[in-house]
$ cat run09.cif   # mmCIF, N, CA and C atoms
data_target
loop_
_atom_site.label_atom_id
_atom_site.label_comp_id
_atom_site.auth_asym_id
_atom_site.auth_seq_id
_atom_site.Cartn_x
_atom_site.Cartn_y
_atom_site.Cartn_z
N MET Y 22 265.09 170.23 125.12
CA MET Y 22 265.33 170.64 126.49
C MET Y 22 264.56 169.74 127.46
N ASN Y 23 263.36 169.29 127.04
CA ASN Y 23 262.58 168.41 127.91
C ASN Y 23 263.35 167.12 128.20
N ARG Y 24 263.95 166.55 127.18
CA ARG Y 24 264.72 165.33 127.38
C ARG Y 24 265.94 165.58 128.26
N THR Y 25 266.60 166.71 128.07
CA THR Y 25 267.76 167.06 128.90
C THR Y 25 267.35 167.15 130.37
N LEU Y 26 266.25 167.85 130.64
CA LEU Y 26 265.78 167.98 132.02
C LEU Y 26 265.42 166.63 132.62
N CYS Y 27 264.73 165.79 131.85
CA CYS Y 27 264.33 164.47 132.36
C CYS Y 27 265.55 163.58 132.61
N ASP Y 28 266.52 163.59 131.70
CA ASP Y 28 267.71 162.77 131.88
C ASP Y 28 268.53 163.21 133.09
N LYS Y 29 268.72 164.51 133.24
CA LYS Y 29 269.49 165.01 134.38
C LYS Y 29 268.75 164.79 135.70
N GLY Y 30 267.43 164.96 135.68
CA GLY Y 30 266.64 164.71 136.88
C GLY Y 30 266.68 163.25 137.28
N GLN Y 31 266.60 162.34 136.30
CA GLN Y 31 266.68 160.92 136.58
C GLN Y 31 268.05 160.56 137.15
N SER Y 32 269.08 161.18 136.62
CA SER Y 32 270.43 160.94 137.13
C SER Y 32 270.57 161.41 138.57
N MET Y 33 270.00 162.57 138.88
CA MET Y 33 270.06 163.08 140.25
C MET Y 33 269.32 162.15 141.21
N LEU Y 34 268.18 161.62 140.78
CA LEU Y 34 267.43 160.69 141.64
C LEU Y 34 268.19 159.39 141.86
N SER Y 35 268.82 158.88 140.82
CA SER Y 35 269.51 157.61 140.96
C SER Y 35 270.78 157.72 141.79
N HIS Y 36 271.38 158.89 141.86
CA HIS Y 36 272.60 159.06 142.64
C HIS Y 36 272.35 159.59 144.05
N SER Y 37 271.10 159.78 144.40
CA SER Y 37 270.79 160.24 145.76
C SER Y 37 269.97 159.15 146.44
N CYS Y 38 269.76 159.32 147.71
CA CYS Y 38 268.96 158.34 148.46
C CYS Y 38 267.51 158.80 148.58
N VAL Y 39 267.06 159.56 147.60
CA VAL Y 39 265.71 160.12 147.61
C VAL Y 39 264.77 159.19 146.84
N SER Y 40 263.55 159.06 147.32
CA SER Y 40 262.55 158.24 146.67
C SER Y 40 262.17 158.80 145.30
N LYS Y 41 261.70 157.92 144.42
CA LYS Y 41 261.28 158.36 143.09
C LYS Y 41 260.00 159.19 143.13
N ASP Y 42 259.36 159.25 144.28
CA ASP Y 42 258.19 160.11 144.44
C ASP Y 42 258.56 161.59 144.30
N PHE Y 43 259.83 161.91 144.46
CA PHE Y 43 260.29 163.30 144.39
C PHE Y 43 260.84 163.65 143.01
N TRP Y 44 260.37 162.99 141.96
CA TRP Y 44 260.88 163.27 140.61
C TRP Y 44 260.61 164.70 140.19
N ALA Y 45 259.48 165.27 140.59
CA ALA Y 45 259.17 166.66 140.23
C ALA Y 45 260.16 167.62 140.88
N GLU Y 46 260.57 167.34 142.09
CA GLU Y 46 261.56 168.17 142.77
C GLU Y 46 262.91 168.07 142.06
N ALA Y 47 263.26 166.87 141.59
CA ALA Y 47 264.52 166.68 140.87
C ALA Y 47 264.50 167.46 139.55
N ILE Y 48 263.38 167.43 138.84
CA ILE Y 48 263.26 168.17 137.58
C ILE Y 48 263.32 169.67 137.84
N ASN Y 49 262.68 170.13 138.90
CA ASN Y 49 262.69 171.55 139.25
C ASN Y 49 264.11 172.00 139.60
N THR Y 50 264.86 171.17 140.32
CA THR Y 50 266.24 171.50 140.66
C THR Y 50 267.12 171.49 139.41
N THR Y 51 266.86 170.56 138.52
CA THR Y 51 267.60 170.50 137.26
C THR Y 51 267.37 171.76 136.44
N TYR Y 52 266.13 172.21 136.39
CA TYR Y 52 265.79 173.44 135.68
C TYR Y 52 266.55 174.63 136.27
N TYR Y 53 266.63 174.68 137.59
CA TYR Y 53 267.37 175.74 138.27
C TYR Y 53 268.85 175.72 137.87
N LEU Y 54 269.43 174.51 137.83
CA LEU Y 54 270.85 174.37 137.52
C LEU Y 54 271.16 174.65 136.05
N VAL Y 55 270.29 174.20 135.15
CA VAL Y 55 270.52 174.42 133.72
C VAL Y 55 270.54 175.91 133.40
N ASN Y 56 269.73 176.69 134.08
CA ASN Y 56 269.72 178.13 133.86
C ASN Y 56 270.98 178.81 134.40
N ARG Y 57 271.82 178.07 135.07
CA ARG Y 57 273.07 178.62 135.58
C ARG Y 57 274.30 178.02 134.91
N TYR Y 58 274.10 177.19 133.88
CA TYR Y 58 275.20 176.63 133.07
C TYR Y 58 275.57 177.62 131.99
N PRO Y 59 276.85 177.76 131.67
CA PRO Y 59 277.24 178.57 130.51
C PRO Y 59 276.78 177.88 129.22
N SER Y 60 276.39 178.68 128.26
CA SER Y 60 275.88 178.15 126.99
C SER Y 60 276.68 178.71 125.82
N THR Y 61 277.00 177.87 124.85
CA THR Y 61 277.75 178.32 123.68
C THR Y 61 276.91 179.21 122.78
N SER Y 62 275.60 179.03 122.79
CA SER Y 62 274.75 179.82 121.90
C SER Y 62 274.63 181.28 122.34
N ILE Y 63 274.96 181.57 123.57
CA ILE Y 63 274.91 182.96 124.05
C ILE Y 63 276.28 183.41 124.53
N GLU Y 64 277.31 182.99 123.79
CA GLU Y 64 278.69 183.41 124.01
C GLU Y 64 279.21 183.06 125.40
N PHE Y 65 278.97 181.84 125.81
CA PHE Y 65 279.44 181.29 127.08
C PHE Y 65 278.97 182.09 128.30
N LYS Y 66 277.81 182.69 128.16
CA LYS Y 66 277.15 183.31 129.32
C LYS Y 66 276.06 182.35 129.78
N THR Y 67 275.58 182.58 130.97
CA THR Y 67 274.49 181.75 131.48
C THR Y 67 273.17 182.42 131.14
N PRO Y 68 272.09 181.64 130.97
CA PRO Y 68 270.78 182.25 130.74
C PRO Y 68 270.38 183.20 131.86
N PHE Y 69 270.81 182.89 133.07
CA PHE Y 69 270.50 183.76 134.20
C PHE Y 69 271.20 185.11 134.07
N GLU Y 70 272.40 185.13 133.51
CA GLU Y 70 273.12 186.40 133.29
C GLU Y 70 272.46 187.21 132.19
N VAL Y 71 272.00 186.54 131.14
CA VAL Y 71 271.43 187.24 129.99
C VAL Y 71 270.07 187.83 130.32
N TRP Y 72 269.21 187.06 130.96
CA TRP Y 72 267.83 187.52 131.19
C TRP Y 72 267.75 188.61 132.27
N PRO Y 73 268.08 188.34 133.56
CA PRO Y 73 268.00 189.42 134.54
C PRO Y 73 269.18 190.39 134.47
N GLY Y 74 270.30 189.95 133.91
CA GLY Y 74 271.45 190.83 133.78
C GLY Y 74 272.38 190.84 134.98
N SER Y 75 272.15 189.99 135.94
CA SER Y 75 273.02 189.95 137.11
C SER Y 75 273.92 188.72 137.05
N PRO Y 76 275.11 188.79 137.63
CA PRO Y 76 276.00 187.63 137.62
C PRO Y 76 275.46 186.49 138.49
N VAL Y 77 275.89 185.29 138.18
CA VAL Y 77 275.41 184.10 138.88
C VAL Y 77 276.24 183.87 140.14
N ASP Y 78 275.56 183.54 141.23
CA ASP Y 78 276.21 183.21 142.49
C ASP Y 78 276.14 181.69 142.68
N TYR Y 79 277.29 181.04 142.68
CA TYR Y 79 277.33 179.59 142.81
C TYR Y 79 277.54 179.13 144.25
N SER Y 80 277.60 180.02 145.19
CA SER Y 80 277.91 179.65 146.57
C SER Y 80 276.77 178.90 147.25
N ASN Y 81 275.55 178.99 146.72
CA ASN Y 81 274.42 178.32 147.37
C ASN Y 81 274.13 176.94 146.79
N LEU Y 82 274.93 176.45 145.85
CA LEU Y 82 274.67 175.15 145.25
C LEU Y 82 275.02 174.03 146.22
N ARG Y 83 274.13 173.05 146.29
CA ARG Y 83 274.30 171.91 147.19
C ARG Y 83 274.01 170.62 146.44
N ILE Y 84 274.37 169.48 147.04
CA ILE Y 84 274.16 168.17 146.44
C ILE Y 84 272.71 167.75 146.69
N PHE Y 85 272.02 167.40 145.61
CA PHE Y 85 270.62 166.98 145.70
C PHE Y 85 270.50 165.71 146.54
N GLY Y 86 269.60 165.73 147.50
CA GLY Y 86 269.35 164.56 148.34
C GLY Y 86 270.24 164.43 149.55
N CYS Y 87 271.11 165.40 149.79
CA CYS Y 87 272.00 165.29 150.94
C CYS Y 87 271.23 165.62 152.23
N PRO Y 88 271.69 165.07 153.37
CA PRO Y 88 271.06 165.41 154.64
C PRO Y 88 271.27 166.89 154.97
N ALA Y 89 270.23 167.49 155.49
CA ALA Y 89 270.29 168.91 155.87
C ALA Y 89 269.61 169.07 157.23
N TYR Y 90 270.02 170.08 157.93
CA TYR Y 90 269.46 170.36 159.25
C TYR Y 90 268.93 171.78 159.26
N ALA Y 91 267.61 171.91 159.29
CA ALA Y 91 266.97 173.22 159.31
C ALA Y 91 266.92 173.71 160.75
N HIS Y 92 267.47 174.87 160.98
CA HIS Y 92 267.51 175.44 162.33
C HIS Y 92 266.16 176.06 162.65
N MET Y 93 265.62 175.70 163.81
CA MET Y 93 264.30 176.15 164.23
C MET Y 93 264.38 176.89 165.55
N ARG Y 94 263.41 177.70 165.76
CA ARG Y 94 263.27 178.42 167.03
C ARG Y 94 261.86 178.19 167.56
N ASP Y 95 261.54 176.92 167.84
CA ASP Y 95 260.19 176.56 168.25
C ASP Y 95 259.92 176.81 169.73
N GLY Y 96 260.92 176.78 170.52
CA GLY Y 96 260.73 176.98 171.95
C GLY Y 96 262.02 176.72 172.69
N LYS Y 97 261.98 177.07 173.94
CA LYS Y 97 263.19 176.97 174.74
C LYS Y 97 263.66 175.53 174.93
N LEU Y 98 262.73 174.60 175.08
CA LEU Y 98 263.10 173.22 175.35
C LEU Y 98 262.98 172.31 174.12
N GLU Y 99 262.63 172.86 173.01
CA GLU Y 99 262.50 172.07 171.77
C GLU Y 99 263.85 171.93 171.09
N PRO Y 100 264.01 170.91 170.24
CA PRO Y 100 265.27 170.76 169.50
C PRO Y 100 265.54 171.98 168.62
N ARG Y 101 266.79 172.32 168.46
CA ARG Y 101 267.19 173.52 167.70
C ARG Y 101 267.23 173.28 166.20
N ALA Y 102 267.28 172.01 165.78
CA ALA Y 102 267.34 171.72 164.34
C ALA Y 102 266.50 170.49 164.05
N LYS Y 103 265.98 170.44 162.82
CA LYS Y 103 265.22 169.29 162.37
C LYS Y 103 265.93 168.67 161.19
N LYS Y 104 266.05 167.35 161.21
CA LYS Y 104 266.72 166.65 160.12
C LYS Y 104 265.81 166.61 158.91
N CYS Y 105 266.39 166.98 157.76
CA CYS Y 105 265.65 167.05 156.51
C CYS Y 105 266.49 166.48 155.38
N ILE Y 106 265.89 166.42 154.20
CA ILE Y 106 266.57 166.04 152.98
C ILE Y 106 266.48 167.21 152.03
N PHE Y 107 267.61 167.60 151.46
CA PHE Y 107 267.65 168.72 150.53
C PHE Y 107 267.02 168.32 149.20
N LEU Y 108 266.02 169.10 148.75
CA LEU Y 108 265.33 168.81 147.50
C LEU Y 108 265.51 169.86 146.43
N GLY Y 109 265.93 171.06 146.79
CA GLY Y 109 266.11 172.07 145.76
C GLY Y 109 266.11 173.47 146.32
N TYR Y 110 265.80 174.39 145.42
CA TYR Y 110 265.90 175.81 145.72
C TYR Y 110 264.51 176.44 145.61
N ALA Y 111 264.17 177.29 146.56
CA ALA Y 111 262.87 177.95 146.55
C ALA Y 111 262.86 179.07 145.51
N THR Y 112 261.72 179.28 144.91
CA THR Y 112 261.58 180.36 143.93
C THR Y 112 261.01 181.59 144.60
N GLY Y 113 261.57 182.73 144.25
CA GLY Y 113 261.07 183.99 144.78
C GLY Y 113 261.64 184.41 146.12
N VAL Y 114 262.28 183.50 146.82
CA VAL Y 114 262.88 183.81 148.12
C VAL Y 114 264.25 183.15 148.20
N LYS Y 115 265.09 183.65 149.07
CA LYS Y 115 266.38 183.00 149.30
C LYS Y 115 266.16 181.93 150.34
N GLY Y 116 266.08 180.72 149.88
CA GLY Y 116 265.86 179.61 150.78
C GLY Y 116 265.98 178.29 150.05
N TYR Y 117 265.95 177.22 150.81
CA TYR Y 117 266.08 175.88 150.27
C TYR Y 117 264.80 175.11 150.52
N ARG Y 118 264.45 174.24 149.57
CA ARG Y 118 263.31 173.35 149.73
C ARG Y 118 263.81 172.07 150.40
N LEU Y 119 263.21 171.76 151.53
CA LEU Y 119 263.65 170.62 152.33
C LEU Y 119 262.46 169.73 152.66
N TRP Y 120 262.70 168.42 152.65
CA TRP Y 120 261.69 167.47 153.09
C TRP Y 120 262.03 167.07 154.51
N CYS Y 121 261.18 167.44 155.44
CA CYS Y 121 261.43 167.17 156.85
C CYS Y 121 261.05 165.73 157.15
N THR Y 122 261.95 164.98 157.75
CA THR Y 122 261.72 163.58 158.05
C THR Y 122 261.24 163.35 159.47
N ASP Y 123 261.03 164.42 160.21
CA ASP Y 123 260.57 164.32 161.59
C ASP Y 123 259.12 163.84 161.60
N LYS Y 124 258.77 162.95 162.55
CA LYS Y 124 257.42 162.40 162.60
C LYS Y 124 256.36 163.46 162.90
N LYS Y 125 256.72 164.44 163.73
CA LYS Y 125 255.76 165.47 164.11
C LYS Y 125 255.45 166.42 162.95
N THR Y 126 256.48 166.84 162.24
CA THR Y 126 256.31 167.85 161.19
C THR Y 126 256.84 167.36 159.86
N SER Y 127 256.41 166.18 159.43
CA SER Y 127 256.90 165.69 158.14
C SER Y 127 256.23 166.48 157.03
N GLY Y 128 257.00 166.79 156.03
CA GLY Y 128 256.48 167.54 154.89
C GLY Y 128 257.52 168.50 154.36
N LEU Y 129 257.11 169.26 153.37
CA LEU Y 129 258.00 170.20 152.71
C LEU Y 129 258.08 171.50 153.49
N ILE Y 130 259.30 171.96 153.73
CA ILE Y 130 259.51 173.26 154.36
C ILE Y 130 260.52 174.05 153.53
N ILE Y 131 260.43 175.34 153.65
CA ILE Y 131 261.40 176.23 153.02
C ILE Y 131 262.13 176.95 154.14
N SER Y 132 263.44 176.83 154.13
CA SER Y 132 264.23 177.43 155.19
C SER Y 132 265.49 178.05 154.61
N ARG Y 133 265.90 179.12 155.24
CA ARG Y 133 267.12 179.81 154.82
C ARG Y 133 268.30 179.46 155.72
N ASP Y 134 267.99 179.15 156.95
CA ASP Y 134 269.01 178.84 157.94
C ASP Y 134 269.20 177.33 158.02
N VAL Y 135 270.10 176.80 157.18
CA VAL Y 135 270.26 175.37 157.02
C VAL Y 135 271.74 175.00 157.08
N THR Y 136 272.04 173.87 157.70
CA THR Y 136 273.38 173.29 157.67
C THR Y 136 273.31 172.00 156.88
N PHE Y 137 274.22 171.84 155.92
CA PHE Y 137 274.21 170.68 155.04
C PHE Y 137 275.33 169.73 155.42
N ASN Y 138 275.06 168.44 155.26
CA ASN Y 138 276.07 167.41 155.47
C ASN Y 138 276.28 166.69 154.14
N GLU Y 139 276.98 167.37 153.23
CA GLU Y 139 277.17 166.83 151.88
C GLU Y 139 278.11 165.64 151.86
N SER Y 140 278.99 165.53 152.82
CA SER Y 140 279.91 164.39 152.84
C SER Y 140 279.17 163.10 153.18
N ALA Y 141 278.07 163.18 153.91
CA ALA Y 141 277.29 161.98 154.24
C ALA Y 141 276.69 161.36 152.99
N SER Y 142 276.21 162.18 152.07
CA SER Y 142 275.63 161.63 150.84
C SER Y 142 276.72 161.02 149.97
N LEU Y 143 277.90 161.59 149.96
CA LEU Y 143 279.00 161.02 149.19
C LEU Y 143 279.47 159.71 149.80
N ASP Y 144 279.51 159.62 151.14
CA ASP Y 144 279.91 158.38 151.80
C ASP Y 144 278.91 157.27 151.53
N SER Y 145 277.61 157.60 151.53
CA SER Y 145 276.60 156.57 151.27
C SER Y 145 276.69 156.07 149.83
N GLN Y 146 277.01 156.95 148.89
CA GLN Y 146 277.19 156.53 147.50
C GLN Y 146 278.39 155.60 147.38
N ARG Y 147 279.46 155.90 148.08
CA ARG Y 147 280.65 155.05 148.04
C ARG Y 147 280.32 153.68 148.63
N GLU Y 148 279.55 153.64 149.73
CA GLU Y 148 279.17 152.37 150.34
C GLU Y 148 278.29 151.56 149.40
N LYS Y 149 277.37 152.21 148.68
CA LYS Y 149 276.52 151.50 147.73
C LYS Y 149 277.35 150.90 146.61
N ALA Y 150 278.31 151.66 146.10
CA ALA Y 150 279.16 151.17 145.02
C ALA Y 150 279.99 149.98 145.48
N ILE Y 151 280.52 150.04 146.70
CA ILE Y 151 281.32 148.94 147.23
C ILE Y 151 280.43 147.71 147.42
N ALA Y 152 279.21 147.91 147.93
CA ALA Y 152 278.30 146.79 148.13
C ALA Y 152 277.93 146.14 146.81
N LYS Y 153 277.71 146.92 145.77
CA LYS Y 153 277.37 146.36 144.45
C LYS Y 153 278.53 145.56 143.89
N THR Y 154 279.75 146.09 144.01
CA THR Y 154 280.89 145.35 143.47
C THR Y 154 281.15 144.10 144.28
N ASP Y 155 280.95 144.15 145.60
CA ASP Y 155 281.13 142.96 146.42
C ASP Y 155 280.11 141.89 146.06
N ARG Y 156 278.85 142.30 145.83
CA ARG Y 156 277.83 141.34 145.43
C ARG Y 156 278.15 140.74 144.07
N GLY Y 157 278.64 141.56 143.17
CA GLY Y 157 278.99 141.07 141.84
C GLY Y 157 280.13 140.07 141.90
N ILE Y 158 281.13 140.32 142.74
CA ILE Y 158 282.26 139.41 142.88
C ILE Y 158 281.78 138.11 143.51
N ASN Y 159 280.95 138.20 144.54
CA ASN Y 159 280.45 137.00 145.20
C ASN Y 159 279.59 136.16 144.25
N ASP Y 160 278.76 136.80 143.45
CA ASP Y 160 277.94 136.08 142.48
C ASP Y 160 278.82 135.39 141.45
N ASP Y 161 279.88 136.04 141.00
CA ASP Y 161 280.79 135.44 140.02
C ASP Y 161 281.50 134.25 140.63
N VAL Y 162 281.88 134.34 141.88
CA VAL Y 162 282.59 133.23 142.55
C VAL Y 162 281.66 132.05 142.70
N ARG Y 163 280.39 132.30 143.06
CA ARG Y 163 279.43 131.22 143.23
C ARG Y 163 279.09 130.53 141.91
N ASN Y 164 279.08 131.31 140.82
CA ASN Y 164 278.65 130.77 139.54
C ASN Y 164 279.78 130.13 138.72
N THR Y 165 281.00 130.19 139.19
CA THR Y 165 282.09 129.59 138.43
C THR Y 165 282.10 128.09 138.64
N PRO Y 166 282.29 127.34 137.54
CA PRO Y 166 282.34 125.88 137.67
C PRO Y 166 283.63 125.45 138.39
N GLN Y 167 283.51 124.41 139.18
CA GLN Y 167 284.68 123.94 139.94
C GLN Y 167 285.11 122.59 139.52
#
$ encode --input "run09.cif" --output "C-alpha cells"
Amino acid sequence: MNRTLCDKGQSMLSHSCVSKDFWAEAINTTYYLVNRYPSTSIEFKTPFEVWPGSPVDYSNLRIFGCPAYAHMRDGKLEPRAKKCIFLGYATGVKGYRLWCTDKKTSGLIISRDVTFNESASLDSQREKAIAKTDRGINDDVRNTPQ
C-alpha cells in the first residue's frame, strides 16, 4: 500500500502545476481517494463503506492542483475571494485544504465555501503537452542531416 500511495501521489504531482514541496499533501489526498475506491477483497465495496458503514459521496471530489477561489468575508471593501491552489480534503470537517497564493495571507487554509476552476488545470496540461511535442518536433528537425 505504501508503494501504491507513493506512485499515485507522484503521478498527481507530475500532472498538476504544484511544487514538489507539497508531496505530503499529494500523499494525503491519495490516501483519501484510495479509501473511496471499490475493492475486490471486500466484495466491490469501498473501505469507507465497510468501516463507518455509510455510503460514499463522490460529489466533493476535485482535481488536485486546480485553481480554487476561497470566498472570504473580511470586510466591506476587501476582495470577496482569494485565489488558492486545491491541495486536498480536510479531516474531521467538511472543507478543502487550500494553499493561498495571496501575498498578504499566503499559507494553508481550510475553507468550505470554495469555487473551483478545474478546466483551467486541464487547459494548462494540454498546453504543456503541446509545448513538449512542439519542442520534440523542432529538435528532430534541427538534428536531421541535410
$ atom_distance --input "run09.cif" --atom1 "atom N of Thr112 (chain Y)" --atom2 "atom C of Arg133 (chain Y)"
12.7 Å
$ resolve_selection --input "run09.cif" --expression "the PyMOL selection byres (((chain Y and resi 84 and name CA) around 12) and name CA)" --output "JSON, numbers by chain"
{"Y": [33, 34, 36, 37, 38, 39, 47, 50, 51, 54, 81, 82, 83, 85, 86, 87, 88, 89, 106, 107, 108, 109, 110, 117, 137, 138, 139, 140, 141, 142, 143]}
$ select_by_dssp --input "run09.cif" --residues "chain Y" --states "alpha helix (DSSP H)" --output "ChimeraX atom specification"
/Y:23-35,44-55,68-71,139-164
$ atom_distance --input "run09.cif" --atom1 "CA of Ile48 (chain Y)" --atom2 "CA of Ser32 (chain Y)"
10.2 Å
$ atom_distance --input "run09.cif" --atom1 "CA of Lys41 (chain Y)" --atom2 "CA of Thr25 (chain Y)"
17.9 Å
$ closest_residue --input "run09.cif" --among "Y:Asp28, Y:Val135, Y:Asp42, Y:Ser62" --to "Tyr90 (chain Y)" --atoms "only N, CA and C atoms"
Y:Val135
$ decode --input "run09.cif" --residues "region 96-125 of chain Y" --atoms "N, CA and C atoms" --output "compact mmCIF listing (two decimals), in the first residue's frame"
# COMPACT_ATOMS: atom_id res chain seq x y z
N GLY Y 96 -14.23 42.04 5.06
CA GLY Y 96 -14.66 43.42 5.26
C GLY Y 96 -15.42 43.91 4.05
N LYS Y 97 -16.00 45.05 4.23
CA LYS Y 97 -16.86 45.58 3.19
C LYS Y 97 -16.08 45.94 1.92
N LEU Y 98 -14.87 46.45 2.06
CA LEU Y 98 -14.10 46.89 0.90
C LEU Y 98 -13.00 45.91 0.50
N GLU Y 99 -12.91 44.81 1.17
CA GLU Y 99 -11.90 43.79 0.85
C GLU Y 99 -12.39 42.88 -0.27
N PRO Y 100 -11.47 42.23 -0.98
CA PRO Y 100 -11.89 41.28 -2.03
C PRO Y 100 -12.74 40.15 -1.43
N ARG Y 101 -13.68 39.67 -2.20
CA ARG Y 101 -14.61 38.64 -1.74
C ARG Y 101 -14.05 37.23 -1.84
N ALA Y 102 -12.99 37.05 -2.64
CA ALA Y 102 -12.41 35.72 -2.80
C ALA Y 102 -10.90 35.84 -2.89
N LYS Y 103 -10.22 34.78 -2.45
CA LYS Y 103 -8.77 34.72 -2.54
C LYS Y 103 -8.39 33.55 -3.42
N LYS Y 104 -7.45 33.80 -4.33
CA LYS Y 104 -7.01 32.74 -5.24
C LYS Y 104 -6.12 31.77 -4.48
N CYS Y 105 -6.43 30.49 -4.65
CA CYS Y 105 -5.70 29.43 -3.97
C CYS Y 105 -5.44 28.27 -4.92
N ILE Y 106 -4.73 27.27 -4.43
CA ILE Y 106 -4.49 26.03 -5.14
C ILE Y 106 -5.08 24.91 -4.30
N PHE Y 107 -5.87 24.06 -4.92
CA PHE Y 107 -6.50 22.95 -4.21
C PHE Y 107 -5.46 21.88 -3.89
N LEU Y 108 -5.34 21.51 -2.60
CA LEU Y 108 -4.37 20.51 -2.18
C LEU Y 108 -4.99 19.25 -1.61
N GLY Y 109 -6.25 19.29 -1.23
CA GLY Y 109 -6.85 18.07 -0.69
C GLY Y 109 -8.07 18.34 0.15
N TYR Y 110 -8.35 17.37 1.00
CA TYR Y 110 -9.57 17.38 1.79
C TYR Y 110 -9.21 17.44 3.27
N ALA Y 111 -9.92 18.26 4.02
CA ALA Y 111 -9.66 18.40 5.44
C ALA Y 111 -10.22 17.20 6.20
N THR Y 112 -9.55 16.82 7.25
CA THR Y 112 -10.03 15.70 8.07
C THR Y 112 -10.82 16.23 9.25
N GLY Y 113 -11.92 15.58 9.53
CA GLY Y 113 -12.74 15.95 10.68
C GLY Y 113 -13.76 17.03 10.42
N VAL Y 114 -13.63 17.75 9.33
CA VAL Y 114 -14.58 18.82 8.98
C VAL Y 114 -14.89 18.73 7.50
N LYS Y 115 -16.01 19.30 7.10
CA LYS Y 115 -16.33 19.37 5.68
C LYS Y 115 -15.67 20.62 5.13
N GLY Y 116 -14.57 20.41 4.47
CA GLY Y 116 -13.84 21.53 3.91
C GLY Y 116 -12.70 21.05 3.04
N TYR Y 117 -12.08 21.99 2.37
CA TYR Y 117 -10.99 21.70 1.46
C TYR Y 117 -9.71 22.34 1.98
N ARG Y 118 -8.58 21.67 1.76
CA ARG Y 118 -7.28 22.22 2.10
C ARG Y 118 -6.79 23.00 0.88
N LEU Y 119 -6.50 24.27 1.10
CA LEU Y 119 -6.11 25.16 0.02
C LEU Y 119 -4.82 25.89 0.38
N TRP Y 120 -3.96 26.08 -0.61
CA TRP Y 120 -2.77 26.89 -0.42
C TRP Y 120 -3.05 28.25 -1.02
N CYS Y 121 -3.10 29.25 -0.17
CA CYS Y 121 -3.42 30.61 -0.59
C CYS Y 121 -2.18 31.24 -1.21
N THR Y 122 -2.30 31.77 -2.40
CA THR Y 122 -1.18 32.37 -3.11
C THR Y 122 -1.12 33.88 -2.94
N ASP Y 123 -2.01 34.43 -2.15
CA ASP Y 123 -2.05 35.87 -1.92
C ASP Y 123 -0.83 36.27 -1.08
N LYS Y 124 -0.22 37.41 -1.40
CA LYS Y 124 0.98 37.85 -0.68
C LYS Y 124 0.71 38.17 0.78
N LYS Y 125 -0.48 38.70 1.07
CA LYS Y 125 -0.81 39.07 2.44
C LYS Y 125 -1.04 37.85 3.33
